[in-house]
>>> print(open('final07.csv').read())   # CSV, C-alpha atoms and all ligand atoms
chain,number,residue,atom,x,y,z
Z,1,MET,CA,126.6,85.4,116.8
Z,2,ALA,CA,125.1,86.8,120.1
Z,3,VAL,CA,124.0,90.4,120.0
Z,4,ARG,CA,126.2,92.3,122.4
Z,5,VAL,CA,124.1,94.7,124.5
Z,6,ALA,CA,125.0,97.4,127.1
Z,7,LEU,CA,122.5,98.3,129.7
Z,8,VAL,CA,122.6,101.9,130.6
Z,9,GLY,CA,120.7,103.0,133.8
Z,10,LEU,CA,120.8,100.4,136.6
Z,11,GLY,CA,117.8,101.8,138.6
Z,12,ASP,CA,114.6,100.1,139.5
Z,13,ILE,CA,113.4,99.0,136.0
Z,14,GLY,CA,116.9,98.4,134.8
Z,15,LEU,CA,117.8,95.9,137.4
Z,16,THR,CA,114.4,94.3,138.1
Z,17,ALA,CA,113.2,93.9,134.5
Z,18,HIS,CA,115.6,94.8,131.7
Z,19,LEU,CA,118.7,93.0,133.1
Z,20,PRO,CA,116.9,89.7,133.9
Z,21,ALA,CA,115.2,89.8,130.4
Z,22,LEU,CA,118.6,90.3,128.7
Z,23,VAL,CA,120.1,87.5,130.7
Z,24,ARG,CA,117.2,85.1,129.9
Z,25,ALA,CA,117.2,86.0,126.2
Z,26,ALA,CA,118.7,83.6,123.7
Z,27,GLY,CA,121.2,85.2,121.4
Z,28,VAL,CA,122.0,88.1,123.7
Z,29,ARG,CA,125.2,88.8,125.7
Z,30,VAL,CA,125.3,91.6,128.3
Z,31,ALA,CA,128.5,93.3,127.4
Z,32,ALA,CA,128.5,96.4,129.6
Z,33,LEU,CA,126.6,98.1,132.5
Z,34,VAL,CA,126.5,101.8,133.0
Z,35,ASP,CA,125.3,104.0,135.9
Z,36,PRO,CA,126.8,107.1,137.5
Z,37,ASP,CA,125.8,105.8,140.9
Z,38,PRO,CA,128.5,103.4,142.3
Z,39,LEU,CA,125.8,101.7,144.5
Z,40,ARG,CA,123.7,100.8,141.5
Z,41,ARG,CA,126.7,99.4,139.7
Z,42,LYS,CA,127.5,97.3,142.7
Z,43,LEU,CA,123.9,96.0,142.9
Z,44,ALA,CA,124.0,95.0,139.3
Z,45,GLY,CA,126.7,92.5,140.1
Z,46,ASP,CA,129.7,91.4,137.9
Z,47,LEU,CA,127.9,90.1,134.8
Z,48,ALA,CA,129.8,92.6,132.7
Z,49,PRO,CA,132.3,95.5,133.0
Z,50,ALA,CA,130.6,98.4,134.7
Z,51,TYR,CA,131.2,102.1,133.9
Z,52,PRO,CA,130.0,105.4,135.3
Z,53,ASP,CA,129.2,106.9,131.9
Z,54,ILE,CA,128.3,105.9,128.4
Z,55,ASP,CA,131.6,107.0,126.7
Z,56,GLU,CA,133.3,103.6,127.0
Z,57,VAL,CA,130.2,101.9,125.5
Z,58,LEU,CA,130.1,104.4,122.5
Z,59,ALA,CA,133.8,103.8,121.9
Z,60,ASP,CA,133.4,100.0,121.9
Z,61,ASP,CA,132.9,98.7,118.4
Z,62,ASP,CA,132.0,95.2,119.8
Z,63,ILE,CA,128.8,96.6,121.4
Z,64,ASP,CA,125.9,96.3,118.9
Z,65,ALA,CA,123.1,97.7,120.9
Z,66,VAL,CA,122.2,99.7,124.0
Z,67,VAL,CA,119.2,99.5,126.4
Z,68,LEU,CA,118.5,102.9,127.9
Z,69,ALA,CA,116.7,102.5,131.3
Z,70,THR,CA,117.4,106.1,132.2
Z,71,PRO,CA,115.2,108.9,133.5
Z,72,PRO,CA,113.4,110.7,130.6
Z,73,TRP,CA,115.5,113.9,131.1
Z,74,VAL,CA,118.6,111.8,130.3
Z,75,THR,CA,117.1,109.4,127.7
Z,76,THR,CA,116.6,112.0,124.9
Z,77,GLY,CA,120.3,113.0,124.6
Z,78,ALA,CA,121.4,109.4,125.1
Z,79,ILE,CA,119.2,108.2,122.2
Z,80,VAL,CA,120.9,110.7,119.9
Z,81,ARG,CA,124.4,109.9,121.1
Z,82,VAL,CA,123.9,106.1,120.9
Z,83,ALA,CA,122.0,106.0,117.6
Z,84,THR,CA,124.4,108.4,115.8
Z,85,ALA,CA,127.3,106.2,117.0
Z,86,GLY,CA,125.8,103.5,114.8
Z,87,LYS,CA,124.3,101.3,117.6
Z,88,PHE,CA,120.8,100.0,118.0
Z,89,VAL,CA,118.7,101.5,120.9
Z,90,LEU,CA,115.9,100.2,123.0
Z,91,ALA,CA,114.9,103.4,125.0
Z,92,GLU,CA,112.6,103.5,128.0
Z,93,LYS,CA,109.5,105.6,127.7
Z,94,PRO,CA,108.9,108.5,127.8
Z,95,VAL,CA,111.6,109.4,125.3
Z,96,ALA,CA,111.6,113.0,126.6
Z,97,THR,CA,110.0,115.1,129.3
Z,98,SER,CA,108.1,117.1,126.7
Z,99,VAL,CA,107.5,117.4,123.0
Z,100,ALA,CA,109.9,120.5,122.9
Z,101,ALA,CA,112.6,118.5,124.7
Z,102,ALA,CA,112.1,115.7,122.1
Z,103,ALA,CA,113.2,118.1,119.3
Z,104,PRO,CA,116.6,116.5,118.8
Z,105,LEU,CA,114.9,113.2,118.1
Z,106,LEU,CA,112.9,114.7,115.3
Z,107,GLU,CA,116.2,115.8,113.6
Z,108,LEU,CA,117.5,112.2,113.4
Z,109,SER,CA,117.6,110.9,109.8
Z,110,PRO,CA,115.3,108.0,109.1
Z,111,ASN,CA,118.1,105.5,108.7
Z,112,ILE,CA,119.2,106.4,112.3
Z,113,SER,CA,115.7,106.6,113.9
Z,114,ASP,CA,114.9,103.3,112.3
Z,115,HIS,CA,117.5,101.8,114.7
Z,116,VAL,CA,115.5,103.0,117.7
Z,117,GLN,CA,112.8,100.9,119.5
Z,118,VAL,CA,110.8,102.5,122.3
Z,119,GLY,CA,110.1,100.6,125.6
Z,120,LEU,CA,106.3,100.7,125.3
Z,121,THR,CA,106.7,97.3,126.8
Z,122,TYR,CA,103.1,96.2,127.3
Z,123,ARG,CA,102.1,96.6,123.6
Z,124,HIS,CA,103.9,93.3,123.2
Z,125,ASP,CA,101.5,91.4,125.4
Z,126,PRO,CA,99.2,88.8,123.8
Z,127,ALA,CA,96.3,90.4,125.8
Z,128,MET,CA,96.7,93.6,123.7
Z,129,VAL,CA,96.7,91.6,120.5
Z,130,GLN,CA,93.6,89.8,121.6
Z,131,LEU,CA,91.8,93.0,122.6
Z,132,ARG,CA,92.7,94.6,119.3
Z,133,GLU,CA,91.2,91.6,117.4
Z,134,TRP,CA,88.0,91.7,119.4
Z,135,ILE,CA,87.6,95.4,118.6
Z,136,ALA,CA,88.5,95.0,114.9
Z,137,ASP,CA,86.0,92.1,114.6
Z,138,GLY,CA,83.2,94.1,116.3
Z,139,VAL,CA,82.9,91.6,119.1
Z,140,LEU,CA,82.2,94.5,121.5
Z,141,GLY,CA,80.2,96.7,119.2
Z,142,GLU,CA,80.9,99.5,116.7
Z,143,ARG,CA,81.5,102.4,119.1
Z,144,LEU,CA,83.1,101.9,122.6
Z,145,VAL,CA,83.3,103.7,125.9
Z,146,VAL,CA,86.8,102.9,127.2
Z,147,ARG,CA,87.7,103.5,130.8
Z,148,ALA,CA,91.3,103.4,131.7
Z,149,HIS,CA,92.1,103.6,135.4
Z,150,ILE,CA,95.9,103.5,135.9
Z,151,TYR,CA,96.8,103.5,139.6
Z,152,ASP,CA,99.9,101.5,140.6
Z,153,GLU,CA,102.1,103.7,142.7
Z,154,ARG,CA,100.8,103.5,146.3
Z,155,LEU,CA,102.0,105.9,149.0
Z,156,ASP,CA,103.8,103.4,151.3
Z,157,PRO,CA,104.9,104.9,154.6
Z,158,ALA,CA,107.3,102.0,155.0
Z,159,ASP,CA,109.1,103.1,151.8
Z,160,PRO,CA,109.8,106.8,151.9
Z,161,ALA,CA,112.5,106.5,149.3
Z,162,HIS,CA,109.9,105.3,146.8
Z,163,ALA,CA,107.7,108.3,147.6
Z,164,GLU,CA,110.6,110.7,147.2
Z,165,ARG,CA,111.5,109.2,143.8
Z,166,LEU,CA,107.9,109.7,142.6
Z,167,ARG,CA,107.8,113.3,143.9
Z,168,ASN,CA,111.1,113.9,142.1
Z,169,THR,CA,109.7,112.5,138.9
Z,170,LEU,CA,106.6,114.7,139.4
Z,171,ARG,CA,108.9,117.7,139.2
Z,172,HIS,CA,109.3,116.8,135.5
Z,173,GLY,CA,105.6,116.4,134.8
Z,174,LEU,CA,102.2,115.2,135.9
Z,175,PRO,CA,101.7,111.4,136.4
Z,176,VAL,CA,99.9,111.4,133.0
Z,177,LEU,CA,103.1,112.5,131.3
Z,178,HIS,CA,105.0,109.5,132.7
Z,179,GLU,CA,102.3,106.8,132.8
Z,180,GLY,CA,100.5,108.1,129.7
Z,181,SER,CA,103.2,106.9,127.5
Z,182,HIS,CA,102.0,103.4,128.1
Z,183,PHE,CA,98.2,103.8,128.2
Z,184,PHE,CA,97.9,106.3,125.4
Z,185,ASP,CA,100.0,104.0,123.3
Z,186,TRP,CA,97.6,101.1,124.2
Z,187,LEU,CA,94.6,103.3,123.2
Z,188,ALA,CA,96.1,104.3,119.9
Z,189,TYR,CA,97.0,100.7,119.2
Z,190,LEU,CA,93.5,99.5,120.2
Z,191,LEU,CA,91.3,102.3,118.8
Z,192,GLY,CA,92.9,102.8,115.4
Z,193,GLY,CA,95.1,105.8,115.9
Z,194,GLU,CA,95.7,109.1,117.8
Z,195,PRO,CA,92.8,110.8,119.6
Z,196,MET,CA,90.8,113.3,117.5
Z,197,ARG,CA,90.3,115.6,120.5
Z,198,ILE,CA,90.6,116.0,124.2
Z,199,ASP,CA,87.1,116.9,125.5
Z,200,ASP,CA,88.0,117.8,129.0
Z,201,ALA,CA,90.7,117.2,131.6
Z,202,TRP,CA,91.2,117.7,135.4
Z,203,SER,CA,93.9,117.3,138.0
Z,204,MET,CA,94.1,117.4,141.8
Z,205,ARG,CA,97.0,117.6,144.3
Z,206,THR,CA,96.3,115.4,147.3
Z,207,ASP,CA,99.9,114.7,148.3
Z,208,ARG,CA,100.9,117.7,150.2
Z,209,ARG,CA,104.6,117.1,149.6
Z,210,ALA,CA,104.2,116.9,145.9
Z,211,GLU,CA,104.8,120.1,144.0
Z,212,VAL,CA,102.3,119.4,141.3
Z,213,PRO,CA,99.0,117.5,141.1
Z,214,ASN,CA,99.4,113.7,141.7
Z,215,LEU,CA,95.9,112.8,140.3
Z,216,THR,CA,94.9,113.5,136.7
Z,217,GLY,CA,92.2,112.5,134.3
Z,218,ALA,CA,90.7,113.3,130.9
Z,219,ARG,CA,88.0,112.4,128.4
Z,220,LEU,CA,89.1,111.9,124.8
Z,221,THR,CA,87.4,111.1,121.5
Z,222,TYR,CA,89.1,108.6,119.2
Z,223,PRO,CA,88.5,107.7,115.5
Z,224,THR,CA,85.2,106.0,114.8
Z,225,GLY,CA,83.7,107.9,117.8
Z,226,HIS,CA,85.1,105.8,120.6
Z,227,ILE,CA,85.3,107.7,123.8
Z,228,ALA,CA,88.1,107.1,126.4
Z,229,VAL,CA,87.8,108.3,130.0
Z,230,VAL,CA,91.3,108.0,131.5
Z,231,GLU,CA,92.5,108.5,135.0
Z,232,CYS,CA,95.9,108.0,136.5
Z,233,GLY,CA,97.3,108.9,139.9
Z,234,TRP,CA,100.2,108.3,142.3
Z,235,LEU,CA,100.8,108.6,146.0
Z,236,THR,CA,97.5,107.7,147.6
Z,237,ALA,CA,97.4,105.3,150.6
Z,238,GLY,CA,94.9,103.0,148.8
Z,239,LEU,CA,94.5,102.4,145.1
Z,240,PRO,CA,91.5,101.9,142.9
Z,241,PRO,CA,91.6,98.8,140.6
Z,242,CYS,CA,94.2,99.3,137.8
Z,243,GLU,CA,92.2,98.3,134.7
Z,244,VAL,CA,91.1,99.2,131.2
Z,245,SER,CA,87.4,98.4,130.4
Z,246,LEU,CA,85.7,98.6,127.0
Z,247,LEU,CA,81.9,98.8,126.7
Z,248,GLY,CA,79.9,98.5,123.5
Z,249,ASP,CA,76.4,97.4,122.6
Z,250,ARG,CA,77.6,93.8,122.0
Z,251,GLY,CA,80.0,93.3,124.8
Z,252,TYR,CA,82.1,94.3,127.7
Z,253,ALA,CA,85.8,93.5,128.2
Z,254,VAL,CA,88.1,94.2,131.1
Z,255,LEU,CA,91.9,94.1,131.1
Z,256,ASP,CA,93.3,93.7,134.5
Z,257,CYS,CA,96.4,95.9,134.3
Z,258,HIS,CA,98.3,93.9,136.9
Z,259,THR,CA,98.0,90.4,135.3
Z,260,PHE,CA,96.7,91.3,131.8
Z,261,ALA,CA,94.0,88.7,132.2
Z,262,LEU,CA,91.0,89.5,130.1
Z,263,ARG,CA,87.3,89.1,131.0
Z,264,LEU,CA,84.8,89.2,128.2
Z,265,SER,CA,81.0,89.4,128.6
Z,266,THR,CA,78.8,89.0,125.5
Z,267,GLU,CA,75.4,87.5,124.8
Z,268,ASP,CA,77.2,84.2,124.5
Z,269,GLY,CA,78.2,84.4,128.2
Z,270,ASP,CA,81.2,85.3,130.2
Z,271,ARG,CA,84.8,84.1,129.8
Z,272,VAL,CA,88.2,84.8,131.1
Z,273,VAL,CA,91.3,84.7,128.9
Z,274,GLU,CA,94.7,84.3,130.5
Z,275,PHE,CA,98.1,83.9,129.1
Z,276,PRO,CA,101.0,81.8,130.4
Z,277,GLY,CA,103.6,83.4,132.6
Z,278,GLU,CA,103.8,86.6,134.6
Z,279,ARG,CA,102.9,89.7,132.7
Z,280,THR,CA,106.0,91.8,133.3
Z,281,GLN,CA,108.4,89.0,132.5
Z,282,ARG,CA,106.3,88.0,129.5
Z,283,CYS,CA,106.3,91.6,128.1
Z,284,PHE,CA,110.0,92.3,128.8
Z,285,ASP,CA,111.0,88.9,127.2
Z,286,ARG,CA,108.9,89.7,124.1
Z,287,GLN,CA,110.4,93.2,124.0
Z,288,VAL,CA,113.9,91.8,123.9
Z,289,GLU,CA,112.9,89.4,121.2
Z,290,ARG,CA,111.7,92.3,119.1
Z,291,PHE,CA,114.9,94.2,119.8
Z,292,VAL,CA,117.1,91.3,118.7
Z,293,ALA,CA,114.9,91.1,115.5
Z,294,LEU,CA,115.6,94.9,115.0
Z,295,VAL,CA,119.3,94.3,115.2
Z,296,ASN,CA,118.9,91.5,112.7
Z,297,GLY,CA,117.1,93.7,110.2
Z,298,SER,CA,113.4,94.0,111.2
Z,299,ARG,CA,111.5,97.3,111.5
Z,300,PRO,CA,111.4,98.9,115.0
Z,301,SER,CA,108.3,98.1,116.9
Z,302,PRO,CA,107.2,100.2,118.7
Z,303,SER,CA,109.1,102.9,116.8
Z,304,LEU,CA,110.4,106.3,117.8
Z,305,ALA,CA,107.3,107.7,116.0
Z,306,ASP,CA,105.0,105.6,118.3
Z,307,GLY,CA,107.0,106.8,121.4
Z,308,LEU,CA,106.7,110.5,120.2
Z,309,ALA,CA,102.9,110.1,119.5
Z,310,ALA,CA,102.3,108.7,123.0
Z,311,LEU,CA,104.4,111.6,124.4
Z,312,ARG,CA,102.4,114.2,122.4
Z,313,THR,CA,99.0,112.9,123.6
Z,314,SER,CA,100.3,112.7,127.2
Z,315,GLU,CA,101.6,116.3,127.0
Z,316,GLN,CA,98.4,117.6,125.4
Z,317,VAL,CA,96.4,116.0,128.2
Z,318,ALA,CA,98.8,117.3,130.9
Z,319,ARG,CA,98.4,120.8,129.4
Z,320,ALA,CA,94.6,120.4,129.3
Z,321,CYS,CA,94.8,119.3,133.0
Z,322,ALA,CA,96.7,122.5,133.9
Z,323,GLU,CA,94.2,124.6,132.0
Z,324,GLY,CA,91.3,122.8,133.7
Z,325,GLU,CA,92.9,123.6,137.1
Z,326,ALA,CA,93.4,127.2,136.2
I,401,LIG,N1,108.6,100.0,130.6
I,401,LIG,C1,108.2,99.9,131.9
I,401,LIG,O1,107.3,99.2,132.2
I,401,LIG,C2,108.7,100.9,132.9
I,401,LIG,C3,108.5,100.7,134.2
I,401,LIG,C4,109.0,101.6,135.1
I,401,LIG,C5,109.8,102.7,134.7
I,401,LIG,N2,110.0,102.9,133.3
I,401,LIG,C6,110.7,104.0,132.8
I,401,LIG,O2,112.1,103.7,132.9
I,401,LIG,C7,112.9,104.8,133.2
I,401,LIG,C8,113.7,104.6,134.5
I,401,LIG,O3,112.8,104.4,135.6
I,401,LIG,P1,113.2,103.8,137.0
I,401,LIG,O4,112.0,103.6,137.8
I,401,LIG,O5,114.1,102.6,136.8
I,401,LIG,O6,114.1,105.0,137.5
I,401,LIG,P2,115.3,105.0,138.6
I,401,LIG,O7,115.5,106.4,139.0
I,401,LIG,O8,115.1,103.9,139.5
I,401,LIG,O9,116.6,104.5,137.6
I,401,LIG,C9,117.2,105.4,136.7
I,401,LIG,C10,118.7,105.1,136.8
I,401,LIG,O10,119.4,105.8,135.8
I,401,LIG,C11,120.6,106.2,136.3
I,401,LIG,N3,121.1,107.4,135.5
I,401,LIG,C12,120.8,108.7,135.7
I,401,LIG,N4,121.5,109.4,134.8
I,401,LIG,C13,122.2,108.5,134.1
I,401,LIG,C14,123.2,108.7,133.0
I,401,LIG,N5,123.5,109.9,132.5
I,401,LIG,N6,123.7,107.5,132.5
I,401,LIG,C15,123.4,106.3,133.0
I,401,LIG,N7,122.5,106.1,134.0
I,401,LIG,C16,122.0,107.2,134.5
I,401,LIG,C17,120.3,106.6,137.8
I,401,LIG,O11,121.5,106.6,138.5
I,401,LIG,C18,119.4,105.4,138.1
I,401,LIG,O12,120.1,104.3,138.6
I,401,LIG,C19,111.9,106.0,133.4
I,401,LIG,O13,111.8,106.7,132.2
I,401,LIG,C20,110.5,105.3,133.6
I,401,LIG,O14,109.4,106.0,133.1
I,401,LIG,C21,109.4,102.0,132.4
>>> encode(input="final07.csv", output="structure tokens", more="lines below")
Ligand SMILES: NC(=O)c1ccc[n+]([C@@H]2O[C@H](COP(=O)([O-])OP(=O)(O)OC[C@H]3O[C@@H](n4cnc5c(N)ncnc54)[C@H](O)[C@@H]3O)[C@@H](O)[C@H]2O)c1
Amino acid sequence: MAVRVALVGLGDIGLTAHLPALVRAAGVRVAALVDPDPLRRKLAGDLAPAYPDIDEVLADDDIDAVVLATPPWVTTGAIVRVATAGKFVLAEKPVATSVAAAAPLLELSPNISDHVQVGLTYRHDPAMVQLREWIADGVLGERLVVRAHIYDERLDPADPAHAERLRNTLRHGLPVLHEGSHFFDWLAYLLGGEPMRIDDAWSMRTDRRAEVPNLTGARLTYPTGHIAVVECGWLTAGLPPCEVSLLGDRGYAVLDCHTFALRLSTEDGDRVVEFPGERTQRCFDRQVERFVALVNGSRPSPSLADGLAALRTSEQVARACAEGEA
């Protein structure tokens, strides 16, 4: 039997990544589409009945599962409503705009929160698995300096709507709060757990029309003494390379954050490791596979606890940025 899935939130990531991945997936049928914006419902096409709100989906016993591609200030309440209605949830990151706003998620009983998978999409990539193996096997050395440079939202004068959407998102938190969900999850996954401390943090507003700083960064210490120097920023006319690099006494590895190709340099020489297919499609397809497995009885991965941990680190860094600025 196909898993019947509703897609809620037909915005950018909903229509460009989630919907195509659901359509491609074996064993999935798109059963409903939801967005309050009639234009977004029209853009989604006529694959399935479309509704302006989630009520019809909650009332439909034939719908097994819901993908929430909604803004974080909507996602928290929607997770609670969908999961307590007995449906499985794949919820976009971040799962809330703050740890305080995530409080209703902490009140979910384990049998309900176990039905929630968080859209920390890139953890599914084989490049992450490969990097984790190199680190665990000591290929790079015992202690690492990790530099994460996450810059992928250019200020494009030809696309003022994109800039406005980012500025609106900034009203709900610094870039590190939104992007951090991904890369702090990668770092926890790669470096053996949550950071032990934030050593310092900074932020800077270069976009005059943004209400908060659009560039942020921090230095964190992880278990085993790994140090991570992270930067992320939006709304600059040019962008530095978007990459994560890991340096130890035995080797140096670089993850290209656009392609997820890996470069490894050790005393044995240099090599490039690439994986078939395009990164976003690859990760969204794997994410849907995991979601179908969840519906069929597997544990959620990444879990709500993973999503909350990434949110907690992002928020602690955002707070340290604000203190640094003060
Ligand atoms: N996993 C990833 O790689 C990835 C990439 C980009 C964005 N995201 C996350 O996905 C989420 C959405 O981002 P986006 O760029 O698509 O934003 P967006 O603003 O383009 O889309 C959000 C959509 O949700 C709709 N919406 C708002 N309130 C709703 C409600 N109550 N019920 C149903 N729909 C509602 C909006 O009308 C809009 O169409 C964000 O949390 C973002 O951080 C994840």
>>> residues_near_ligand(input="final07.csv", ligand="ligand LIG 401 (chain I)", cutoff="9 Å", atoms="all atoms listed in the file", output="PDB file with C-alpha atoms, in the coordinates of the input")
ATOM      1  CA  LEU Z   7     122.500  98.300 129.700  1.00  0.00           C
ATOM      2  CA  VAL Z   8     122.600 101.900 130.600  1.00  0.00           C
ATOM      3  CA  GLY Z   9     120.700 103.000 133.800  1.00  0.00           C
ATOM      4  CA  LEU Z  10     120.800 100.400 136.600  1.00  0.00           C
ATOM      5  CA  GLY Z  11     117.800 101.800 138.600  1.00  0.00           C
ATOM      6  CA  ASP Z  12     114.600 100.100 139.500  1.00  0.00           C
ATOM      7  CA  ILE Z  13     113.400  99.000 136.000  1.00  0.00           C
ATOM      8  CA  GLY Z  14     116.900  98.400 134.800  1.00  0.00           C
ATOM      9  CA  LEU Z  15     117.800  95.900 137.400  1.00  0.00           C
ATOM     10  CA  THR Z  16     114.400  94.300 138.100  1.00  0.00           C
ATOM     11  CA  ALA Z  17     113.200  93.900 134.500  1.00  0.00           C
ATOM     12  CA  HIS Z  18     115.600  94.800 131.700  1.00  0.00           C
ATOM     13  CA  LEU Z  33     126.600  98.100 132.500  1.00  0.00           C
ATOM     14  CA  VAL Z  34     126.500 101.800 133.000  1.00  0.00           C
ATOM     15  CA  ASP Z  35     125.300 104.000 135.900  1.00  0.00           C
ATOM     16  CA  PRO Z  36     126.800 107.100 137.500  1.00  0.00           C
ATOM     17  CA  ASP Z  37     125.800 105.800 140.900  1.00  0.00           C
ATOM     18  CA  PRO Z  38     128.500 103.400 142.300  1.00  0.00           C
ATOM     19  CA  LEU Z  39     125.800 101.700 144.500  1.00  0.00           C
ATOM     20  CA  ARG Z  40     123.700 100.800 141.500  1.00  0.00           C
ATOM     21  CA  ARG Z  41     126.700  99.400 139.700  1.00  0.00           C
ATOM     22  CA  TYR Z  51     131.200 102.100 133.900  1.00  0.00           C
ATOM     23  CA  PRO Z  52     130.000 105.400 135.300  1.00  0.00           C
ATOM     24  CA  ASP Z  53     129.200 106.900 131.900  1.00  0.00           C
ATOM     25  CA  ILE Z  54     128.300 105.900 128.400  1.00  0.00           C
ATOM     26  CA  LEU Z  68     118.500 102.900 127.900  1.00  0.00           C
ATOM     27  CA  ALA Z  69     116.700 102.500 131.300  1.00  0.00           C
ATOM     28  CA  THR Z  70     117.400 106.100 132.200  1.00  0.00           C
ATOM     29  CA  PRO Z  71     115.200 108.900 133.500  1.00  0.00           C
ATOM     30  CA  PRO Z  72     113.400 110.700 130.600  1.00  0.00           C
ATOM     31  CA  TRP Z  73     115.500 113.900 131.100  1.00  0.00           C
ATOM     32  CA  VAL Z  74     118.600 111.800 130.300  1.00  0.00           C
ATOM     33  CA  THR Z  75     117.100 109.400 127.700  1.00  0.00           C
ATOM     34  CA  ALA Z  78     121.400 109.400 125.100  1.00  0.00           C
ATOM     35  CA  ALA Z  91     114.900 103.400 125.000  1.00  0.00           C
ATOM     36  CA  GLU Z  92     112.600 103.500 128.000  1.00  0.00           C
ATOM     37  CA  LYS Z  93     109.500 105.600 127.700  1.00  0.00           C
ATOM     38  CA  PRO Z  94     108.900 108.500 127.800  1.00  0.00           C
ATOM     39  CA  VAL Z  95     111.600 109.400 125.300  1.00  0.00           C
ATOM     40  CA  ALA Z  96     111.600 113.000 126.600  1.00  0.00           C
ATOM     41  CA  VAL Z 118     110.800 102.500 122.300  1.00  0.00           C
ATOM     42  CA  GLY Z 119     110.100 100.600 125.600  1.00  0.00           C
ATOM     43  CA  LEU Z 120     106.300 100.700 125.300  1.00  0.00           C
ATOM     44  CA  THR Z 121     106.700  97.300 126.800  1.00  0.00           C
ATOM     45  CA  TYR Z 122     103.100  96.200 127.300  1.00  0.00           C
ATOM     46  CA  ARG Z 165     111.500 109.200 143.800  1.00  0.00           C
ATOM     47  CA  LEU Z 166     107.900 109.700 142.600  1.00  0.00           C
ATOM     48  CA  THR Z 169     109.700 112.500 138.900  1.00  0.00           C
ATOM     49  CA  HIS Z 178     105.000 109.500 132.700  1.00  0.00           C
ATOM     50  CA  GLU Z 179     102.300 106.800 132.800  1.00  0.00           C
ATOM     51  CA  SER Z 181     103.200 106.900 127.500  1.00  0.00           C
ATOM     52  CA  HIS Z 182     102.000 103.400 128.100  1.00  0.00           C
ATOM     53  CA  THR Z 280     106.000  91.800 133.300  1.00  0.00           C
ATOM     54  CA  CYS Z 283     106.300  91.600 128.100  1.00  0.00           C
ATOM     55  CA  PHE Z 284     110.000  92.300 128.800  1.00  0.00           C
TER      56      PHE Z 284
END
>>> closest_residue(input="final07.csv", among="Z:Trp202, Z:Tyr252, Z:Phe291, Z:Phe275", to="Arg319 of chain Z", atoms="all atoms listed in the file")
Z:Trp202
>>> residues_around(input="final07.csv", residues="segment 304-312 of chain Z", least_positions_apart="3", cutoff="10 Å", atoms="all atoms listed in the file", output="PyMOL selection string")
chain Z and resi 90-100+102+105-106+113-120+176-189+193-194+300-301+315-318
>>> closest_residue(input="final07.csv", among="Z:Val292, Z:Ala50, Z:Thr224, Z:Gln287", to="Gly141 of chain Z", atoms="all atoms listed in the file")
Z:Thr224
>>> atom_distance(input="final07.csv", atom1="atom CA of Arg290 of chain Z", atom2="atom CA of Ala83 of chain Z")
17.2 Å
>>> residues_around(input="final07.csv", residues="Arg263 of chain Z", least_positions_apart="5", cutoff="8 Å", atoms="only C-alpha atoms", output="PyMOL selection string")
chain Z and resi 253-255+270-273
>>> closest_residue(input="final07.csv", among="Z:Tyr151, Z:Ile198, Z:Glu267, Z:Ala103", to="Val80 of chain Z", atoms="only C-alpha atoms")
Z:Ala103
>>> build_atoms(input="final07.csv", residues="segment 104-111 of chain Z", atoms="N, CA, C and O atoms", output="PDB file, keeping the file's coordinate frame")
ATOM      1  N   PRO Z 104     115.469 117.157 119.447  1.00  0.00           N
ATOM      2  CA  PRO Z 104     116.600 116.500 118.800  1.00  0.00           C
ATOM      3  C   PRO Z 104     116.309 115.160 118.185  1.00  0.00           C
ATOM      4  O   PRO Z 104     116.973 114.740 117.237  1.00  0.00           O
ATOM      5  N   LEU Z 105     115.268 114.501 118.677  1.00  0.00           N
ATOM      6  CA  LEU Z 105     114.900 113.200 118.100  1.00  0.00           C
ATOM      7  C   LEU Z 105     114.263 113.330 116.754  1.00  0.00           C
ATOM      8  O   LEU Z 105     114.383 112.458 115.898  1.00  0.00           O
ATOM      9  N   LEU Z 106     113.564 114.474 116.557  1.00  0.00           N
ATOM     10  CA  LEU Z 106     112.900 114.700 115.300  1.00  0.00           C
ATOM     11  C   LEU Z 106     113.936 115.004 114.181  1.00  0.00           C
ATOM     12  O   LEU Z 106     113.646 114.895 112.992  1.00  0.00           O
ATOM     13  N   GLU Z 107     115.127 115.412 114.623  1.00  0.00           N
ATOM     14  CA  GLU Z 107     116.200 115.800 113.600  1.00  0.00           C
ATOM     15  C   GLU Z 107     116.968 114.536 113.175  1.00  0.00           C
ATOM     16  O   GLU Z 107     117.775 114.636 112.257  1.00  0.00           O
ATOM     17  N   LEU Z 108     116.728 113.385 113.802  1.00  0.00           N
ATOM     18  CA  LEU Z 108     117.500 112.200 113.400  1.00  0.00           C
ATOM     19  C   LEU Z 108     117.034 111.769 111.995  1.00  0.00           C
ATOM     20  O   LEU Z 108     115.838 111.790 111.686  1.00  0.00           O
ATOM     21  N   SER Z 109     117.992 111.389 111.160  1.00  0.00           N
ATOM     22  CA  SER Z 109     117.600 110.900 109.800  1.00  0.00           C
ATOM     23  C   SER Z 109     116.913 109.583 109.940  1.00  0.00           C
ATOM     24  O   SER Z 109     117.152 108.835 110.885  1.00  0.00           O
ATOM     25  N   PRO Z 110     116.031 109.251 108.949  1.00  0.00           N
ATOM     26  CA  PRO Z 110     115.300 108.000 109.100  1.00  0.00           C
ATOM     27  C   PRO Z 110     116.136 106.777 109.228  1.00  0.00           C
ATOM     28  O   PRO Z 110     115.796 105.862 109.969  1.00  0.00           O
ATOM     29  N   ASN Z 111     117.314 106.745 108.556  1.00  0.00           N
ATOM     30  CA  ASN Z 111     118.100 105.500 108.700  1.00  0.00           C
ATOM     31  C   ASN Z 111     118.698 105.384 110.104  1.00  0.00           C
ATOM     32  O   ASN Z 111     119.029 104.281 110.531  1.00  0.00           O
TER      33      ASN Z 111
END
